[in-house]
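*Asks:* Next up, entry.csv (CSV, C-alpha atoms).
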chain,number,residue,atom,x,y,z
A,35,MET,CA,28.0,-24.5,-25.8
A,36,ILE,CA,29.2,-22.2,-23.1
A,37,VAL,CA,26.1,-20.1,-22.6
A,38,PRO,CA,23.6,-22.8,-21.6
A,39,ALA,CA,26.2,-24.4,-19.4
A,40,PHE,CA,26.7,-21.1,-17.7
A,41,LYS,CA,23.0,-20.7,-17.3
A,42,THR,CA,22.7,-24.1,-15.7
A,43,LEU,CA,25.4,-23.3,-13.3
A,44,ARG,CA,23.7,-20.1,-12.4
A,45,VAL,CA,20.4,-21.8,-11.8
A,46,ALA,CA,22.1,-24.4,-9.7
A,47,ALA,CA,23.8,-21.7,-7.7
A,48,LEU,CA,20.5,-19.8,-7.2
A,49,ALA,CA,18.8,-23.0,-6.1
A,50,ALA,CA,21.6,-23.6,-3.6
A,51,ILE,CA,21.2,-20.1,-2.2
A,52,LEU,CA,17.4,-20.4,-2.1
A,53,SER,CA,17.5,-23.7,-0.3
A,54,ALA,CA,19.7,-22.4,2.4
A,55,PRO,CA,17.5,-22.4,5.6
A,56,VAL,CA,17.8,-18.7,6.4
A,57,MET,CA,16.9,-17.5,2.9
A,58,ALA,CA,14.0,-19.9,2.6
A,59,ALA,CA,12.6,-18.8,5.9
A,60,ALA,CA,12.4,-15.0,5.2
A,61,PRO,CA,13.3,-13.1,2.0
A,62,ALA,CA,15.0,-9.8,2.7
A,63,PRO,CA,12.4,-7.1,3.7
A,64,GLN,CA,13.5,-4.8,0.9
A,65,ASP,CA,12.9,-7.5,-1.7
A,66,VAL,CA,9.3,-7.9,-0.4
A,67,VAL,CA,8.8,-4.2,-0.5
A,68,ASN,CA,10.1,-4.1,-4.1
A,69,ALA,CA,7.8,-6.9,-5.1
A,70,ARG,CA,4.7,-5.2,-3.8
A,71,VAL,CA,5.7,-1.9,-5.3
A,72,ALA,CA,6.2,-3.6,-8.6
A,73,GLY,CA,2.7,-5.1,-8.2
A,74,PHE,CA,1.1,-1.8,-7.4
A,75,LYS,CA,2.8,-0.2,-10.4
A,76,LYS,CA,1.6,-3.0,-12.6
A,77,MET,CA,-2.0,-2.4,-11.3
A,78,GLY,CA,-1.6,1.4,-11.9
A,79,GLY,CA,-0.5,0.7,-15.5
A,80,ALA,CA,-3.5,-1.7,-16.0
A,81,MET,CA,-5.9,0.9,-14.6
A,82,LYS,CA,-4.5,3.5,-16.9
A,83,ALA,CA,-4.8,1.1,-19.9
A,84,ILE,CA,-8.5,0.6,-19.0
A,85,GLY,CA,-9.0,4.4,-18.5
A,86,ASP,CA,-7.4,5.1,-21.9
A,87,GLN,CA,-9.8,2.6,-23.5
A,88,VAL,CA,-12.8,4.3,-21.7
A,89,LYS,CA,-11.6,7.7,-22.9
A,90,SER,CA,-11.6,6.6,-26.5
A,91,GLY,CA,-15.4,6.1,-26.2
A,92,THR,CA,-15.2,2.8,-28.0
A,93,PRO,CA,-13.2,0.5,-25.7
A,94,ASP,CA,-11.3,-2.4,-27.4
A,95,LYS,CA,-12.9,-5.5,-25.8
A,96,ALA,CA,-9.8,-7.7,-25.8
A,97,ALA,CA,-7.4,-5.0,-24.6
A,98,THR,CA,-9.7,-3.9,-21.8
A,99,LEU,CA,-10.3,-7.4,-20.7
A,100,ALA,CA,-6.6,-8.3,-20.7
A,101,ALA,CA,-5.8,-5.2,-18.6
A,102,ALA,CA,-8.7,-6.0,-16.2
A,103,GLN,CA,-7.4,-9.5,-15.8
A,104,THR,CA,-3.9,-8.2,-15.1
A,105,LEU,CA,-5.4,-5.9,-12.5
A,106,ALA,CA,-7.5,-8.6,-10.8
A,107,THR,CA,-4.7,-11.3,-10.8
A,108,THR,CA,-2.1,-8.9,-9.4
A,109,ALA,CA,-4.6,-7.6,-6.8
A,110,LYS,CA,-5.1,-11.1,-5.5
A,111,GLY,CA,-1.4,-11.6,-4.8
A,112,GLN,CA,-0.8,-8.2,-3.2
A,113,GLY,CA,-2.2,-9.0,0.3
A,114,LYS,CA,0.4,-11.7,0.8
A,115,LEU,CA,3.2,-9.2,0.2
A,116,PHE,CA,2.8,-7.5,3.5
A,117,PRO,CA,4.3,-10.0,6.0
A,118,ALA,CA,5.3,-8.8,9.5
A,119,GLY,CA,8.7,-7.2,9.5
A,120,THR,CA,8.4,-5.4,6.2
A,121,GLY,CA,7.1,-2.1,7.5
A,122,PRO,CA,8.9,1.2,8.2
A,123,ALA,CA,10.2,-0.3,11.5
A,124,ALA,CA,12.3,-2.7,9.5
A,125,GLY,CA,14.3,0.2,8.1
A,126,VAL,CA,13.2,-0.3,4.5
A,127,LYS,CA,12.2,2.4,2.1
A,128,THR,CA,8.4,2.1,2.1
A,129,ASP,CA,5.3,4.2,2.1
A,130,ALA,CA,3.4,1.4,4.0
A,131,LEU,CA,2.2,2.7,7.3
A,132,PRO,CA,2.6,0.7,10.6
A,133,ALA,CA,-1.2,0.7,10.8
A,134,ILE,CA,-1.2,-2.2,8.3
A,135,TRP,CA,0.2,-4.5,11.0
A,136,THR,CA,-1.5,-2.9,14.0
A,137,ASN,CA,-4.9,-2.9,12.3
A,138,ARG,CA,-4.5,-6.0,10.2
A,139,ALA,CA,-8.2,-7.0,10.0
A,140,THR,CA,-9.2,-3.6,8.4
A,141,PHE,CA,-6.2,-3.8,6.0
A,142,ASP,CA,-7.2,-7.4,4.9
A,143,ALA,CA,-10.8,-6.3,4.5
A,144,ALA,CA,-9.7,-3.4,2.3
A,145,MET,CA,-7.5,-5.7,0.2
A,146,ALA,CA,-10.5,-8.2,-0.1
A,147,LYS,CA,-12.6,-5.2,-1.3
A,148,LEU,CA,-10.1,-4.4,-3.9
A,149,VAL,CA,-10.1,-8.0,-5.2
A,150,GLY,CA,-13.9,-8.0,-5.3
A,151,GLU,CA,-14.1,-4.8,-7.2
A,152,SER,CA,-11.4,-5.9,-9.6
A,153,ASN,CA,-13.3,-9.1,-10.3
A,154,LYS,CA,-16.4,-7.1,-11.1
A,155,LEU,CA,-14.3,-5.0,-13.5
A,156,VAL,CA,-13.2,-8.2,-15.3
A,157,ALA,CA,-16.9,-9.1,-15.6
A,158,VAL,CA,-17.7,-5.9,-17.5
A,159,ALA,CA,-14.4,-5.3,-19.2
A,160,GLY,CA,-15.2,-7.4,-22.3
A,161,SER,CA,-18.6,-5.7,-22.8
A,162,GLY,CA,-17.3,-2.8,-24.8
A,163,ASP,CA,-19.6,-0.6,-22.7
A,164,ALA,CA,-17.6,2.5,-21.9
A,165,ALA,CA,-20.0,3.9,-19.3
A,166,ALA,CA,-20.2,0.6,-17.4
A,167,ILE,CA,-16.5,0.0,-17.5
A,168,GLY,CA,-15.9,3.6,-16.4
A,169,ALA,CA,-18.3,3.3,-13.5
A,170,GLN,CA,-16.7,0.1,-12.3
A,171,MET,CA,-13.2,1.5,-12.7
A,172,LYS,CA,-14.3,4.3,-10.4
A,173,ALA,CA,-15.3,1.7,-7.8
A,174,VAL,CA,-11.9,0.1,-8.1
A,175,GLY,CA,-10.3,3.5,-7.8
A,176,ALA,CA,-12.4,4.1,-4.6
A,177,ALA,CA,-11.0,0.9,-3.2
A,178,CYS,CA,-7.5,2.0,-4.0
A,179,GLY,CA,-8.0,5.4,-2.4
A,180,ALA,CA,-9.8,4.1,0.7
A,181,CYS,CA,-6.8,1.9,1.5
A,182,HIS,CA,-4.2,4.5,0.7
A,183,ARG,CA,-5.8,7.1,3.0
A,184,GLN,CA,-5.5,4.7,6.0
A,185,PHE,CA,-2.4,2.7,5.2
A,186,ARG,CA,-0.1,4.6,2.9
A,187,SER,CA,1.9,7.7,3.6
A,188,ASP,CA,2.6,10.4,0.9
A,189,ASP,CA,-1.1,10.6,-0.1
B,243,MET,CA,4.4,72.1,-6.0
B,244,THR,CA,0.9,70.8,-6.6
B,245,PRO,CA,0.5,67.0,-6.8
B,246,ASP,CA,0.0,65.8,-10.3
B,247,THR,CA,-3.4,64.1,-10.4
B,248,SER,CA,-3.6,63.3,-14.1
B,249,THR,CA,-3.7,59.7,-15.1
B,250,ALA,CA,-2.6,57.5,-18.0
B,251,ARG,CA,-3.8,54.1,-19.1
B,252,VAL,CA,-1.2,51.5,-18.3
B,253,TRP,CA,-2.9,48.1,-18.6
B,254,ASP,CA,-5.4,47.1,-21.2
B,255,LEU,CA,-8.5,45.1,-20.2
B,256,PRO,CA,-7.3,41.7,-21.5
B,257,VAL,CA,-4.1,42.0,-19.4
B,258,ARG,CA,-6.1,42.8,-16.3
B,259,LEU,CA,-8.7,40.1,-16.9
B,260,PHE,CA,-5.8,37.6,-17.6
B,261,HIS,CA,-4.2,38.6,-14.3
B,262,TRP,CA,-7.2,38.3,-12.0
B,263,LEU,CA,-8.7,35.2,-13.7
B,264,LEU,CA,-5.3,33.5,-13.3
B,265,VAL,CA,-5.2,34.4,-9.6
B,266,ALA,CA,-8.6,33.0,-9.1
B,267,LEU,CA,-8.0,29.8,-11.2
B,268,LEU,CA,-4.6,29.1,-9.7
B,269,GLY,CA,-6.2,29.3,-6.2
B,270,PHE,CA,-9.0,27.1,-7.4
B,271,SER,CA,-6.7,24.6,-9.0
B,272,TRP,CA,-4.7,24.3,-5.8
B,273,TRP,CA,-7.8,23.7,-3.8
B,274,SER,CA,-9.4,21.2,-6.2
B,275,GLY,CA,-6.1,19.4,-6.5
B,276,GLU,CA,-5.6,19.1,-2.8
B,277,HIS,CA,-9.2,17.7,-2.4
B,278,HIS,CA,-8.7,15.3,-5.3
B,279,ASP,CA,-11.7,16.9,-7.0
B,280,MET,CA,-10.2,16.0,-10.4
B,281,ASP,CA,-13.1,16.9,-12.7
B,282,TRP,CA,-12.9,20.5,-11.5
B,283,HIS,CA,-9.1,20.4,-11.4
B,284,ARG,CA,-9.0,19.4,-15.1
B,285,LEU,CA,-11.5,22.0,-16.1
B,286,SER,CA,-9.6,24.7,-14.2
B,287,GLY,CA,-6.3,23.6,-15.7
B,288,CYS,CA,-7.6,23.6,-19.2
B,289,THR,CA,-9.0,27.1,-18.6
B,290,ILE,CA,-5.6,28.2,-17.4
B,291,LEU,CA,-4.2,26.7,-20.6
B,292,ALA,CA,-6.5,28.9,-22.6
B,293,LEU,CA,-5.4,32.0,-20.5
B,294,LEU,CA,-1.8,31.2,-21.2
B,295,VAL,CA,-2.3,30.7,-25.0
B,296,PHE,CA,-4.1,34.0,-25.0
B,297,ARG,CA,-1.4,35.8,-23.0
B,298,ILE,CA,1.4,34.6,-25.2
B,299,TYR,CA,-0.6,35.6,-28.3
B,300,TRP,CA,-1.3,39.0,-26.6
B,301,GLY,CA,2.4,39.4,-26.0
B,302,PHE,CA,2.8,39.8,-29.8
B,303,ALA,CA,-0.6,41.3,-30.7
B,304,GLY,CA,-1.6,43.2,-27.6
B,305,SER,CA,-1.3,46.8,-26.5
B,306,ARG,CA,2.1,48.5,-26.0
B,307,THR,CA,2.6,47.4,-22.3
B,308,ALA,CA,1.4,43.9,-23.0
B,309,ARG,CA,4.0,43.1,-25.7
B,310,PHE,CA,7.1,41.0,-24.8
B,311,SER,CA,9.2,43.3,-27.1
B,312,GLN,CA,8.3,46.2,-24.8
B,313,PHE,CA,9.1,44.6,-21.4
B,314,VAL,CA,11.7,41.9,-22.0
B,315,ARG,CA,14.9,43.7,-21.4
B,316,GLY,CA,18.5,42.7,-20.9
B,317,PRO,CA,20.4,42.4,-17.6
B,318,ARG,CA,22.0,45.8,-18.1
B,319,ALA,CA,18.6,47.5,-18.2
B,320,ALA,CA,17.5,45.5,-15.2
B,321,LEU,CA,20.6,46.6,-13.2
B,322,ALA,CA,20.1,50.2,-14.3
B,323,TYR,CA,16.5,50.0,-13.2
B,324,LEU,CA,17.4,48.6,-9.8
B,325,ARG,CA,19.7,51.6,-9.2
B,326,THR,CA,16.8,54.1,-9.8
B,327,LEU,CA,14.9,52.5,-7.0
B,328,GLY,CA,17.0,54.5,-4.5
B,329,LYS,CA,15.9,57.8,-6.0
B,330,ARG,CA,12.9,59.7,-4.6
B,331,PRO,CA,10.2,60.3,-5.6
B,332,TYR,CA,10.0,56.9,-7.4
B,333,GLN,CA,9.4,57.2,-11.1
B,334,ALA,CA,6.9,54.6,-12.2
B,335,ALA,CA,7.8,52.5,-15.3
B,336,ASP,CA,5.5,52.6,-18.3
B,337,GLY,CA,4.1,49.0,-17.9
B,338,HIS,CA,6.4,46.2,-16.6
B,339,ASN,CA,9.7,47.5,-15.4
B,340,PRO,CA,12.9,45.7,-16.6
B,341,VAL,CA,13.1,43.5,-13.5
B,342,GLY,CA,9.3,42.9,-13.2
B,343,GLY,CA,9.4,41.8,-16.9
B,344,TRP,CA,11.6,38.9,-16.0
B,345,SER,CA,9.3,38.0,-13.1
B,346,VAL,CA,6.4,37.9,-15.6
B,347,ILE,CA,8.5,35.7,-18.0
B,348,ALA,CA,9.5,33.3,-15.2
B,349,MET,CA,5.9,32.9,-14.0
B,350,LEU,CA,4.6,32.4,-17.5
B,351,ALA,CA,7.3,29.8,-18.2
B,352,MET,CA,6.6,27.9,-15.0
B,353,LEU,CA,2.8,28.0,-15.7
B,354,VAL,CA,3.4,26.6,-19.2
B,355,VAL,CA,5.6,23.8,-17.8
B,356,MET,CA,3.1,23.0,-15.0
B,357,VAL,CA,0.1,22.9,-17.3
B,358,THR,CA,1.9,20.9,-19.9
B,359,ALA,CA,3.0,18.3,-17.3
B,360,GLY,CA,-0.5,18.2,-15.9
B,361,LEU,CA,-2.0,17.3,-19.3
B,362,PHE,CA,0.1,14.1,-19.3
B,363,ALA,CA,0.0,13.4,-15.6
B,364,VAL,CA,-1.4,10.1,-14.1
B,365,ASP,CA,-2.2,9.6,-10.4
B,366,VAL,CA,-0.7,6.8,-8.4
B,367,ASP,CA,-3.8,4.6,-8.9
B,368,GLY,CA,-3.9,5.1,-12.6
B,369,LEU,CA,-7.5,6.2,-12.1
B,370,GLU,CA,-7.2,10.0,-12.8
B,371,SER,CA,-5.2,11.5,-15.5
B,372,GLY,CA,-4.7,14.6,-17.7
B,373,PRO,CA,-6.5,14.8,-21.0
B,374,LEU,CA,-3.4,13.8,-23.0
B,375,ALA,CA,-2.2,11.0,-20.7
B,376,ASP,CA,-3.3,8.2,-23.0
B,377,TYR,CA,-0.6,9.3,-25.4
B,378,VAL,CA,2.1,8.3,-22.8
B,379,SER,CA,2.9,5.3,-20.6
B,380,PHE,CA,2.0,4.9,-17.0
B,381,ASP,CA,5.6,5.6,-15.9
B,382,THR,CA,5.9,8.7,-18.1
B,383,GLY,CA,2.5,9.9,-16.7
B,384,ARG,CA,3.8,9.4,-13.1
B,385,ALA,CA,6.9,11.4,-14.0
B,386,ALA,CA,4.7,14.1,-15.4
B,387,ALA,CA,2.7,14.2,-12.2
B,388,GLU,CA,6.0,14.7,-10.2
B,389,VAL,CA,7.1,17.5,-12.5
B,390,HIS,CA,3.5,19.0,-12.2
B,391,HIS,CA,3.8,18.9,-8.4
B,392,LEU,CA,7.5,20.2,-8.2
B,393,VAL,CA,6.9,23.1,-10.6
B,394,PHE,CA,3.9,24.1,-8.6
B,395,ASN,CA,6.1,24.7,-5.6
B,396,VAL,CA,8.5,26.8,-7.8
B,397,LEU,CA,5.6,28.8,-9.0
B,398,LEU,CA,4.4,29.3,-5.4
B,399,ALA,CA,7.8,30.7,-4.6
B,400,LEU,CA,7.6,33.1,-7.6
B,401,VAL,CA,4.1,34.2,-6.5
B,402,VAL,CA,5.4,34.9,-3.0
B,403,LEU,CA,8.3,36.9,-4.5
B,404,HIS,CA,5.8,38.8,-6.7
B,405,VAL,CA,3.5,39.7,-3.8
B,406,LEU,CA,6.5,40.8,-1.6
B,407,ALA,CA,7.7,43.0,-4.5
B,408,VAL,CA,4.2,44.6,-4.8
B,409,LEU,CA,4.3,45.2,-1.0
B,410,PHE,CA,7.7,46.7,-1.2
B,411,TYR,CA,6.5,49.2,-3.9
B,412,LEU,CA,3.5,50.0,-1.7
B,413,VAL,CA,5.2,50.5,1.6
B,414,GLY,CA,8.8,51.2,0.6
B,415,LEU,CA,8.2,53.3,-2.5
B,416,ARG,CA,4.7,54.5,-1.7
B,417,HIS,CA,3.6,53.4,-5.1
B,418,ASN,CA,0.4,51.3,-5.5
B,419,LEU,CA,0.7,48.7,-8.2
B,420,VAL,CA,-2.5,46.9,-7.3
B,421,ALA,CA,-5.0,49.6,-8.2
B,422,PRO,CA,-3.7,50.1,-11.8
B,423,MET,CA,-4.1,46.3,-12.3
B,424,ILE,CA,-7.7,46.7,-11.3
B,425,HIS,CA,-8.8,49.9,-13.2
B,426,GLY,CA,-6.0,50.1,-15.7
B,427,ARG,CA,-4.9,53.6,-14.9
B,428,ARG,CA,-1.9,55.0,-13.0
B,429,LYS,CA,-0.8,58.5,-12.0
B,430,THR,CA,1.4,59.8,-14.7
B,431,GLY,CA,3.9,61.8,-12.5
B,432,ALA,CA,6.8,63.4,-14.2
B,433,ALA,CA,7.6,60.6,-16.6
B,434,ALA,CA,4.2,60.8,-18.3
B,435,VAL,CA,3.7,58.8,-21.4
B,436,ALA,CA,0.9,60.1,-23.5
B,437,ALA,CA,1.0,57.4,-26.2
B,438,ARG,CA,-2.1,55.3,-26.5
B,439,LEU,CA,-2.1,51.7,-25.3
B,440,GLY,CA,-3.4,50.6,-28.7
B,441,ALA,CA,-5.3,47.5,-27.7
B,442,SER,CA,-7.4,46.2,-30.6
B,443,PRO,CA,-10.7,44.6,-29.7
B,444,TRP,CA,-10.6,42.6,-32.9
B,445,LYS,CA,-7.2,41.2,-32.2
B,446,ALA,CA,-8.3,40.4,-28.7
B,447,ALA,CA,-11.4,38.5,-30.1
B,448,ILE,CA,-9.2,36.5,-32.5
B,449,GLY,CA,-6.9,35.7,-29.5
B,450,VAL,CA,-9.8,34.5,-27.4
B,451,ALA,CA,-11.0,32.3,-30.3
B,452,ILE,CA,-7.6,30.7,-30.8
B,453,ALA,CA,-7.1,30.2,-27.1
B,454,ALA,CA,-10.5,28.7,-26.5
B,455,GLY,CA,-10.3,26.5,-29.5
B,456,PHE,CA,-6.9,25.1,-28.6
B,457,ALA,CA,-7.7,24.5,-25.0
B,458,TYR,CA,-11.0,22.8,-26.0
B,459,ALA,CA,-9.1,20.5,-28.4
B,460,VAL,CA,-6.6,19.6,-25.8
B,461,SER,CA,-9.2,18.9,-23.2
B,462,LYS,CA,-10.8,16.4,-25.6
B,463,GLY,CA,-7.3,14.8,-26.2
B,464,PHE,CA,-7.7,15.9,-29.8
B,465,ARG,CA,-10.5,13.3,-30.2
B,466,PHE,CA,-13.7,14.7,-31.8
Will you turn the file into structure tokens for me?
*Replies:*
Amino acid sequence: MIVPAFKTLRVAALAAILSAPVMAAAPAPQDVVNARVAGFKKMGGAMKAIGDQVKSGTPDKAATLAAAQTLATTAKGQGKLFPAGTGPAAGVKTDALPAIWTNRATFDAAMAKLVGESNKLVAVAGSGDAAAIGAQMKAVGAACGACHRQFRSDD
Amino acid sequence: MTPDTSTARVWDLPVRLFHWLLVALLGFSWWSGEHHDMDWHRLSGCTILALLVFRIYWGFAGSRTARFSQFVRGPRAALAYLRTLGKRPYQAADGHNPVGGWSVIAMLAMLVVMVTAGLFAVDVDGLESGPLADYVSFDTGRAAAEVHHLVFNVLLALVVLHVLAVLFYLVGLRHNLVAPMIHGRRKTGAAAVAARLGASPWKAAIGVAIAAGFAYAVSKGFRF
């Protein structure tokens, strides 16, 4: 069949490109920006999904837990998506402020705070307790907001 | 010639209350939105929704000068009115003039779009959202938030235009439009209209009930 053969060819071509030394060393800054934006959007969607469950008054345990896990898993990966050279100085379209790289320790602490609060949300997400989930969701939101105020433009 | 000091009623009480409550709530919504005080922002927005529902109802059931059929006029009437602005002394219109009527419609339309978008809006963190946001996706909610923000700027421009027009009447035409919007009366002048305003308290009460009930249902996301 033609299609699988074509796919194999494409995978091989991609592997060749990725194994080229330059590409392996540093992905294009815009690709990194796109990846972290996608991650934040995923987290926003998960937060909204949890909020929708809280609003209903009787949160669906499985759905809330799944969304909280998406949130926590994605949050863990986000800190790695801010390598040097992916800020506004690199000429990429980003709301990330230069302060992320000049004040890295504070930024990393804010990211760690987000991961911690997200994990706590996972812990209560399966309880079906709308008040507890809502309260922990606010704590996660506060972690989002605290970081955005310092490190994100357009807020 | 002795100055004519007789007065006629021009705005009924519901129209005046609508106007000044809207001014206050629009200001408060702006403030609470800027300060991310979203519980207050939602409450203020839902109250504006009630005001809008009432005003649209009142546009059909209200007093003479409150009705859309009285003040929504074609472009020819608007142009003809603009030409009369050059004549002195200025002859006040009975209620909204044919140009001001379009200003009212434009502001009401922008308010409806802004409030509707706000009902579905979601903030960037997915934490805060309008009462109907759980009926749409995160991306749709973000788009609604952008419309909400954009239309607010259009509305601000219309409000500035409105205030400038009122100032033009006050300074340029020596005609005070603000006082009648407070006490409901204006000097009759030569173009006196003796007809009653004809605002029915019962119809007003029905309108308040409809508006409050609808806004309450929306604020609860139609969940009871």
*Asks:* Write out as a list in words the residues lying within 12 Å of A:Arg70, counting all atoms listed in the file and excluding same-chain residues fewer than 6 positions away.
*Replies:* Pro63, Gln64, Lys76, Met77, Thr108, Ala109, Lys110, Gly111, Gln112, Gly113, Lys114, Leu115, Phe116, Pro117, Thr120, Gly121, Thr128, Asp129 and Ala130 of chain A
*Asks:* Any idea what's packed within 12 Å of stretch 175-183 of chain A, counting only C-alpha atoms, ignoring anything in its chain fewer than 3 positions away? Could you give it as a VMD selection string?
*Replies:* (chain A and resid 74 77 to 78 80 to 82 84 to 85 105 109 113 129 to 131 133 to 134 137 to 138 140 to 152 155 168 to 172 186 to 189) or (chain B and resid 278 365 to 370)
*Asks:* Report, in Å with one decimal, the straight-line distance from atom CA of B:Gly301 to atom CA of B:Gly440.
*Replies:*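 Value for the atom CA of B:Gly301-atom CA of B:Gly440 distance: 12.9 Å.
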*Asks:* Give me, please, the distance in Å between atom CA of A:Leu99 and atom CA of A:Ala159, quoted to one decimal.
*Replies:*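 Atom-to-atom, atom CA of A:Leu99 to atom CA of A:Ala159, that is 4.8 Å.
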*Asks:* Between atom CA of B:His283 and atom CA of B:Phe270, what distance in Å does the model show, to one decimal?
*Replies:*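 According to the coordinates, atom CA of B:His283 and atom CA of B:Phe270 are separated by 7.8 Å.
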*Asks:* What residues in chain B have any atom no more than 12 Å from chain A when counting all atoms listed in the file, and can you write them as a ChimeraX atom specification?
*Replies:* /B:275-278,362-384,461-466
*Asks:* Name the residues in contact with stretch 408-421 of chain B at a cut-off of 12 Å, using all atoms listed in the file, excluding same-chain residues fewer than 5 positions from it; report them as a VMD selection string.
*Replies:* chain B and resid 251 to 253 258 261 to 262 326 to 339 342 345 401 to 403 426 to 431
*Asks:* Using only C-alpha atoms, give me every residue within 12 Å of (-5.6, 29.9, -9.8) in file coordinates, as number ranges by chain.
*Replies:* B: 260-275, 283, 285-291, 293, 353, 357, 394, 397-398, 401
*Asks:* Within 10 Å of (-3.3, 42.9, -22.4) (file coordinates; all atoms listed in the file), which protein or nucleic acid residues are there? I'd like them as an NGL selection string.
*Replies:* :B and (252-261 or 296-301 or 303-309 or 439-442 or 446)
*Asks:* Counting only C-alpha atoms, figure out which residue out of B:Phe313, B:Trp344, B:Tyr323, B:Tyr458 gets nearest to B:Leu400.
*Replies:*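 Using only C-alpha atoms, the shortest distance to B:Leu400 belongs to B:Trp344.
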